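Dropping work.csv in here (CSV, C-alpha atoms and all ligand atoms):
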chain,number,residue,atom,x,y,z
A,1,MET,CA,-61.9,-66.8,55.3
A,2,SER,CA,-61.2,-69.3,57.9
A,3,LYS,CA,-60.0,-68.0,61.2
A,4,MET,CA,-58.0,-71.1,62.0
A,5,LYS,CA,-54.3,-70.5,62.2
A,6,ILE,CA,-52.2,-73.2,60.5
A,7,ARG,CA,-49.1,-74.1,62.4
A,8,ILE,CA,-45.9,-73.8,60.5
A,9,TYR,CA,-42.7,-75.9,60.7
A,10,GLY,CA,-40.8,-75.0,63.9
A,11,ASP,CA,-44.0,-75.0,66.0
A,12,PRO,CA,-43.4,-77.7,68.6
A,13,VAL,CA,-47.1,-78.9,68.4
A,14,LEU,CA,-46.3,-80.4,65.0
A,15,ARG,CA,-43.8,-82.8,66.7
A,16,GLN,CA,-46.2,-84.2,69.3
A,17,VAL,CA,-48.0,-87.5,69.2
A,18,SER,CA,-51.8,-87.0,69.3
A,19,GLU,CA,-54.4,-88.7,71.5
A,20,ASP,CA,-57.3,-90.8,70.5
A,21,VAL,CA,-60.7,-89.0,70.1
A,22,THR,CA,-63.1,-90.3,72.6
A,23,GLU,CA,-66.0,-87.8,72.4
A,24,PHE,CA,-68.0,-87.5,69.2
A,25,ASP,CA,-69.8,-84.4,70.1
A,26,GLU,CA,-70.8,-81.0,68.6
A,27,GLU,CA,-67.5,-79.5,69.3
A,28,LEU,CA,-65.8,-82.2,67.1
A,29,GLN,CA,-68.3,-81.4,64.3
A,30,LYS,CA,-67.6,-77.7,64.7
A,31,VAL,CA,-63.8,-78.1,64.6
A,32,THR,CA,-63.8,-80.4,61.6
A,33,THR,CA,-66.1,-78.1,59.7
A,34,GLU,CA,-63.7,-75.2,60.4
A,35,MET,CA,-60.8,-77.4,59.4
A,36,VAL,CA,-62.4,-78.2,56.0
A,37,ALA,CA,-62.9,-74.5,55.4
A,38,ALA,CA,-59.3,-73.7,56.4
A,39,MET,CA,-58.0,-76.5,54.1
A,40,ILE,CA,-60.0,-75.2,51.2
A,41,ASP,CA,-59.0,-71.5,51.8
A,42,ASN,CA,-55.4,-72.6,51.8
A,43,GLU,CA,-55.8,-74.8,48.8
A,44,GLY,CA,-54.7,-77.9,50.7
A,45,VAL,CA,-55.9,-81.5,50.0
A,46,GLY,CA,-55.6,-82.5,53.6
A,47,LEU,CA,-55.3,-81.0,57.1
A,48,ALA,CA,-54.6,-82.9,60.4
A,49,ALA,CA,-55.7,-81.6,63.8
A,50,PRO,CA,-52.1,-81.0,65.1
A,51,GLN,CA,-51.7,-78.5,62.2
A,52,VAL,CA,-54.3,-76.3,63.8
A,53,GLY,CA,-52.8,-76.9,67.3
A,54,ILE,CA,-55.1,-79.7,68.4
A,55,LEU,CA,-53.3,-82.9,69.6
A,56,GLU,CA,-56.1,-85.3,68.8
A,57,ARG,CA,-56.2,-88.1,66.2
A,58,PHE,CA,-58.4,-86.7,63.4
A,59,LEU,CA,-57.9,-85.2,60.0
A,60,VAL,CA,-59.9,-83.9,57.0
A,61,ILE,CA,-59.2,-84.6,53.3
A,62,GLY,CA,-60.6,-82.8,50.3
A,63,LEU,CA,-59.9,-84.8,47.2
A,64,PRO,CA,-60.1,-83.0,43.9
A,65,VAL,CA,-62.8,-84.3,41.7
A,66,GLU,CA,-61.5,-85.2,38.2
A,67,GLY,CA,-63.0,-83.0,35.5
A,68,ASP,CA,-64.5,-80.5,38.0
A,69,GLU,CA,-61.9,-78.2,39.5
A,70,ASP,CA,-64.3,-76.5,41.9
A,71,LYS,CA,-65.5,-79.7,43.5
A,72,ARG,CA,-63.9,-81.7,46.3
A,73,ARG,CA,-64.8,-85.0,47.9
A,74,ILE,CA,-64.6,-84.3,51.6
A,75,PHE,CA,-63.6,-87.0,54.2
A,76,VAL,CA,-63.5,-86.5,57.9
A,77,ILE,CA,-61.4,-89.3,59.3
A,78,ILE,CA,-61.1,-89.9,63.1
A,79,ASN,CA,-58.8,-92.3,64.9
A,80,PRO,CA,-57.4,-93.7,61.7
A,81,GLU,CA,-55.4,-96.9,61.8
A,82,ILE,CA,-53.6,-98.4,58.8
A,83,LEU,CA,-54.3,-102.1,59.1
A,84,GLU,CA,-52.5,-103.4,56.0
A,85,HIS,CA,-50.4,-102.0,53.2
A,86,SER,CA,-48.9,-103.2,50.0
A,87,GLU,CA,-45.3,-104.3,49.7
A,88,GLU,CA,-44.9,-101.9,46.8
A,89,SER,CA,-44.2,-98.3,47.4
A,90,VAL,CA,-44.5,-95.4,44.9
A,91,ILE,CA,-42.8,-92.0,44.7
A,92,GLY,CA,-44.9,-89.0,44.3
A,93,GLU,CA,-44.7,-85.2,44.9
A,94,GLU,CA,-46.1,-83.9,48.2
A,95,GLY,CA,-46.5,-80.5,49.8
A,96,CYS,CA,-47.7,-79.6,53.2
A,97,LEU,CA,-49.6,-76.6,54.6
A,98,SER,CA,-47.2,-76.6,57.5
A,99,LEU,CA,-44.2,-76.4,55.1
A,100,PRO,CA,-45.0,-73.5,52.8
A,101,ASP,CA,-43.1,-73.5,49.4
A,102,ILE,CA,-41.7,-76.9,49.9
A,103,THR,CA,-42.5,-79.8,47.6
A,104,GLU,CA,-40.6,-83.1,47.6
A,105,ASP,CA,-40.8,-86.6,46.2
A,106,VAL,CA,-41.9,-88.9,49.0
A,107,SER,CA,-42.2,-92.7,48.9
A,108,ARG,CA,-45.5,-94.1,50.2
A,109,TYR,CA,-47.2,-97.5,50.1
A,110,ASN,CA,-49.2,-97.8,46.9
A,111,SER,CA,-52.2,-99.3,48.6
A,112,ILE,CA,-53.5,-99.4,52.2
A,113,LYS,CA,-56.4,-100.7,54.2
A,114,VAL,CA,-57.4,-98.2,56.9
A,115,ARG,CA,-59.9,-98.4,59.7
A,116,PHE,CA,-61.3,-95.1,61.1
A,117,GLN,CA,-64.3,-93.6,62.8
A,118,ASP,CA,-66.6,-91.0,61.3
A,119,ILE,CA,-68.0,-87.9,63.0
A,120,PHE,CA,-70.6,-90.0,64.8
A,121,GLY,CA,-68.1,-92.5,66.0
A,122,GLU,CA,-69.2,-95.3,63.6
A,123,PHE,CA,-66.3,-97.5,62.4
A,124,HIS,CA,-65.4,-97.9,58.7
A,125,GLU,CA,-62.8,-99.8,56.8
A,126,ILE,CA,-61.6,-98.8,53.4
A,127,ALA,CA,-59.1,-100.2,51.0
A,128,THR,CA,-57.6,-97.5,48.7
A,129,GLU,CA,-54.6,-96.9,46.5
A,130,GLY,CA,-52.7,-94.2,44.7
A,131,TYR,CA,-53.3,-90.5,45.5
A,132,PHE,CA,-55.9,-91.0,48.2
A,133,ALA,CA,-53.7,-93.6,49.9
A,134,ARG,CA,-50.8,-91.2,49.8
A,135,VAL,CA,-52.9,-88.3,51.3
A,136,ILE,CA,-54.1,-90.6,54.2
A,137,GLN,CA,-50.5,-91.7,54.9
A,138,HIS,CA,-49.3,-88.1,54.9
A,139,GLU,CA,-52.0,-86.9,57.2
A,140,THR,CA,-51.8,-89.9,59.6
A,141,ASP,CA,-48.0,-89.1,59.9
A,142,HIS,CA,-49.0,-85.7,61.4
A,143,LEU,CA,-50.8,-87.6,64.2
A,144,GLU,CA,-47.4,-89.1,65.1
A,145,GLY,CA,-45.5,-85.9,64.9
A,146,VAL,CA,-43.9,-86.9,61.6
A,147,LEU,CA,-43.5,-84.5,58.7
A,148,LEU,CA,-42.7,-85.1,55.0
A,149,VAL,CA,-39.2,-83.8,55.5
A,150,ASP,CA,-38.6,-86.8,57.7
A,151,ARG,CA,-39.4,-89.1,54.8
A,152,ILE,CA,-36.9,-87.8,52.3
A,153,SER,CA,-33.2,-88.7,51.9
A,154,PRO,CA,-30.6,-87.0,54.2
A,155,LEU,CA,-29.1,-85.4,51.0
A,156,LYS,CA,-32.4,-83.8,50.0
A,157,ARG,CA,-33.0,-82.7,53.6
A,158,SER,CA,-29.6,-81.0,53.7
A,159,LEU,CA,-30.6,-79.2,50.5
A,160,LEU,CA,-33.6,-77.9,52.3
A,161,ARG,CA,-31.7,-76.8,55.4
A,162,GLY,CA,-31.8,-73.1,54.5
A,163,LYS,CA,-35.5,-73.0,53.8
A,164,LEU,CA,-36.3,-75.0,57.0
A,165,LYS,CA,-34.2,-72.6,59.0
A,166,ARG,CA,-36.0,-69.6,57.6
A,167,LEU,CA,-39.4,-71.2,58.5
A,168,ARG,CA,-38.2,-71.9,62.0
A,169,GLU,CA,-37.0,-68.3,62.4
A,170,GLN,CA,-40.3,-66.9,61.0
A,171,GLN,CA,-42.0,-69.1,63.5
A,172,LYS,CA,-40.1,-67.6,66.4
A,173,GLU,CA,-41.0,-64.1,65.2
A,174,ILE,CA,-44.7,-65.0,65.0
A,175,ASN,CA,-44.5,-66.4,68.5
A,176,VAL,CA,-42.8,-63.3,69.9
A,177,LYS,CA,-45.4,-61.1,68.2
A,178,ALA,CA,-48.4,-63.2,69.3
B,201,ZN,ZN,-48.9,-82.0,56.0

What's the structure tokens form of this structure?
Ligand SMILES: [Zn+2]
Amino acid sequence: MSKMKIRIYGDPVLRQVSEDVTEFDEELQKVTTEMVAAMIDNEGVGLAAPQVGILERFLVIGLPVEGDEDKRRIFVIINPEILEHSEESVIGEEGCLSLPDITEDVSRYNSIKVRFQDIFGEFHEIATEGYFARVIQHETDHLEGVLLVDRISPLKRSLLRGKLKRLREQQKEINVKA
């Protein structure tokens, strides 16, 4: 099991804006490898650095491979920048490792063009749509301190008020114990 602790709603680190990565060193390789393990252990499809307490602009994604449940396509995305997006948005269900037991319909751009760096600092540009585009948008939101509960209607958020309050309170207890 991964030793990384995933930060839960109520932890102030999730609300901070992250800084660009400038050093593409062994430490970055180590941390992203640990994040991939933590993501898989926790059955997530994505994990952004702030979710493990690191305020830097990188994230990992493990896309399920159709027809093979045990396989994932792993992406390590550093300093992502969404360059273009479709006019059209689509609604889809999302969850978040920092918001346990919450799934909500969230509207996202259907397609995006994103520039990012890989683990060696090389630049890449990809155009993608659908589920992958959704996951990238969700994870890049984390780098701005934005969570999926910020992307739903005030009515839906008010319905979640009790659950969110419980998460915040559990968070306080964890911090007191730690
Ligand atoms: Zn998330």

From the list A:Leu164, A:Ala127, A:Val76, A:Leu59, which residue is nearest ligand ZN 201 (chain B) when using all atoms listed in the file?
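Ranking A:Leu164, A:Ala127, A:Val76, A:Leu59 by distance to ligand ZN 201 (chain B), first place goes to A:Leu59.
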
d(atom CA of A:Asp150, atom CA of A:Phe75) in Å:
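Result for atom CA of A:Asp150 versus atom CA of A:Phe75: 25.2 Å, one decimal.
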
If you count all atoms listed in the file, which residues fall within 10 Å of stretch 101-105 of chain A, apart from same-chain ones fewer than 2 positions away, as a compact mmCIF listing (two decimals) with C-alpha atoms, in the coordinates of the input?
# COMPACT_ATOMS: atom_id res chain seq x y z
CA VAL A 90 -44.50 -95.40 44.90
CA ILE A 91 -42.80 -92.00 44.70
CA GLY A 92 -44.90 -89.00 44.30
CA GLU A 93 -44.70 -85.20 44.90
CA GLU A 94 -46.10 -83.90 48.20
CA GLY A 95 -46.50 -80.50 49.80
CA CYS A 96 -47.70 -79.60 53.20
CA LEU A 97 -49.60 -76.60 54.60
CA SER A 98 -47.20 -76.60 57.50
CA LEU A 99 -44.20 -76.40 55.10
CA SER A 107 -42.20 -92.70 48.90
CA ARG A 108 -45.50 -94.10 50.20
CA LEU A 148 -42.70 -85.10 55.00
CA VAL A 149 -39.20 -83.80 55.50
CA ARG A 151 -39.40 -89.10 54.80
CA ILE A 152 -36.90 -87.80 52.30
CA SER A 153 -33.20 -88.70 51.90
CA LYS A 156 -32.40 -83.80 50.00
CA ARG A 157 -33.00 -82.70 53.60
CA LEU A 160 -33.60 -77.90 52.30
CA LYS A 163 -35.50 -73.00 53.80
CA LEU A 164 -36.30 -75.00 57.00

Output the neighbourhood of ligand ZN 201 (chain B) as a list in words, that is, all protein and nucleic acid residues with some atom at most 10 Å from the ligand, counting only C-alpha atoms and all ligand atoms.
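Here is the list of contacting residues: Ile8, Tyr9, Leu14, Gly44, Val45, Gly46, Leu47, Ala48, Pro50, Gln51, Glu94, Gly95, Cys96, Leu97, Ser98, Leu99, Pro100, Val135, Gln137, His138, Glu139, Thr140, Asp141, His142, Val146, Leu147, Leu148 and Val149 of chain A.
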
Any idea what's packed within 10 Å of A:Asp118, counting all atoms listed in the file, ignoring anything in its chain fewer than 5 positions away? Could you give it as number ranges by chain?
A: 24, 58, 75-80, 123-124

Counting only C-alpha atoms, the option among A:Phe116, A:Tyr109, A:Phe132, A:Val13 closest to A:Ile61
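Under the stated criterion, the closest residue is A:Phe132.
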
Contacts of A:Asp25 within 10 Å, all atoms listed in the file, excl. fewer than 2 positions in-chain, as an mmCIF file with C-alpha atoms, in the frame of the given file:
data_model
loop_
_atom_site.group_PDB
_atom_site.id
_atom_site.type_symbol
_atom_site.label_atom_id
_atom_site.label_comp_id
_atom_site.auth_asym_id
_atom_site.auth_seq_id
_atom_site.Cartn_x
_atom_site.Cartn_y
_atom_site.Cartn_z
ATOM 1 C CA THR A 22 -63.100 -90.300 72.600
ATOM 2 C CA GLU A 23 -66.000 -87.800 72.400
ATOM 3 C CA GLU A 27 -67.500 -79.500 69.300
ATOM 4 C CA LEU A 28 -65.800 -82.200 67.100
ATOM 5 C CA GLN A 29 -68.300 -81.400 64.300
ATOM 6 C CA LYS A 30 -67.600 -77.700 64.700
ATOM 7 C CA ILE A 119 -68.000 -87.900 63.000
ATOM 8 C CA PHE A 120 -70.600 -90.000 64.800
ATOM 9 C CA GLY A 121 -68.100 -92.500 66.000
#

Complete the atom set of stretch 154-178 of chain A to N, CA and C atoms and return it as a compact mmCIF listing (two decimals), keeping the file's coordinate frame.
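The new file selection-v2.txt reads:
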# COMPACT_ATOMS: atom_id res chain seq x y z
N PRO A 154 -31.43 -88.00 53.45
CA PRO A 154 -30.60 -87.00 54.20
C PRO A 154 -30.03 -85.95 53.21
N LEU A 155 -29.69 -86.40 51.99
CA LEU A 155 -29.10 -85.40 51.00
C LEU A 155 -30.15 -84.38 50.67
N LYS A 156 -31.36 -84.82 50.35
CA LYS A 156 -32.40 -83.80 50.00
C LYS A 156 -32.73 -82.93 51.18
N ARG A 157 -32.71 -83.53 52.38
CA ARG A 157 -33.00 -82.70 53.60
C ARG A 157 -31.92 -81.65 53.75
N SER A 158 -30.68 -82.03 53.48
CA SER A 158 -29.60 -81.00 53.70
C SER A 158 -29.76 -79.91 52.65
N LEU A 159 -30.31 -80.23 51.47
CA LEU A 159 -30.60 -79.20 50.50
C LEU A 159 -31.65 -78.21 50.94
N LEU A 160 -32.51 -78.69 51.82
CA LEU A 160 -33.60 -77.90 52.30
C LEU A 160 -33.25 -77.09 53.58
N ARG A 161 -32.03 -77.32 54.06
CA ARG A 161 -31.70 -76.80 55.40
C ARG A 161 -31.95 -75.29 55.51
N GLY A 162 -31.58 -74.53 54.48
CA GLY A 162 -31.80 -73.10 54.50
C GLY A 162 -33.24 -72.68 54.62
N LYS A 163 -34.06 -73.33 53.78
CA LYS A 163 -35.50 -73.00 53.80
C LYS A 163 -36.12 -73.40 55.15
N LEU A 164 -35.73 -74.53 55.69
CA LEU A 164 -36.30 -75.00 57.00
C LEU A 164 -35.88 -74.03 58.10
N LYS A 165 -34.65 -73.57 58.02
CA LYS A 165 -34.20 -72.60 59.00
C LYS A 165 -34.97 -71.34 58.99
N ARG A 166 -35.22 -70.86 57.77
CA ARG A 166 -36.00 -69.60 57.60
C ARG A 166 -37.43 -69.82 58.21
N LEU A 167 -38.03 -70.98 57.92
CA LEU A 167 -39.40 -71.20 58.50
C LEU A 167 -39.35 -71.23 59.99
N ARG A 168 -38.32 -71.87 60.56
CA ARG A 168 -38.20 -71.90 62.00
C ARG A 168 -38.05 -70.51 62.60
N GLU A 169 -37.25 -69.70 61.91
CA GLU A 169 -37.00 -68.30 62.40
C GLU A 169 -38.27 -67.47 62.30
N GLN A 170 -38.99 -67.61 61.16
CA GLN A 170 -40.30 -66.90 61.00
C GLN A 170 -41.21 -67.29 62.13
N GLN A 171 -41.19 -68.57 62.43
CA GLN A 171 -42.00 -69.10 63.50
C GLN A 171 -41.77 -68.46 64.80
N LYS A 172 -40.47 -68.30 65.10
CA LYS A 172 -40.10 -67.60 66.40
C LYS A 172 -40.62 -66.22 66.41
N GLU A 173 -40.48 -65.52 65.27
CA GLU A 173 -41.00 -64.10 65.20
C GLU A 173 -42.48 -64.09 65.47
N ILE A 174 -43.21 -65.01 64.82
CA ILE A 174 -44.70 -65.00 65.00
C ILE A 174 -44.99 -65.23 66.49
N ASN A 175 -44.26 -66.16 67.12
CA ASN A 175 -44.50 -66.40 68.50
C ASN A 175 -44.23 -65.24 69.42
N VAL A 176 -43.20 -64.49 69.07
CA VAL A 176 -42.80 -63.30 69.90
C VAL A 176 -43.94 -62.24 69.70
N LYS A 177 -44.42 -62.09 68.44
CA LYS A 177 -45.40 -61.10 68.20
C LYS A 177 -46.80 -61.45 68.82
N ALA A 178 -47.08 -62.76 68.85
CA ALA A 178 -48.40 -63.20 69.30
C ALA A 178 -48.67 -62.97 70.78
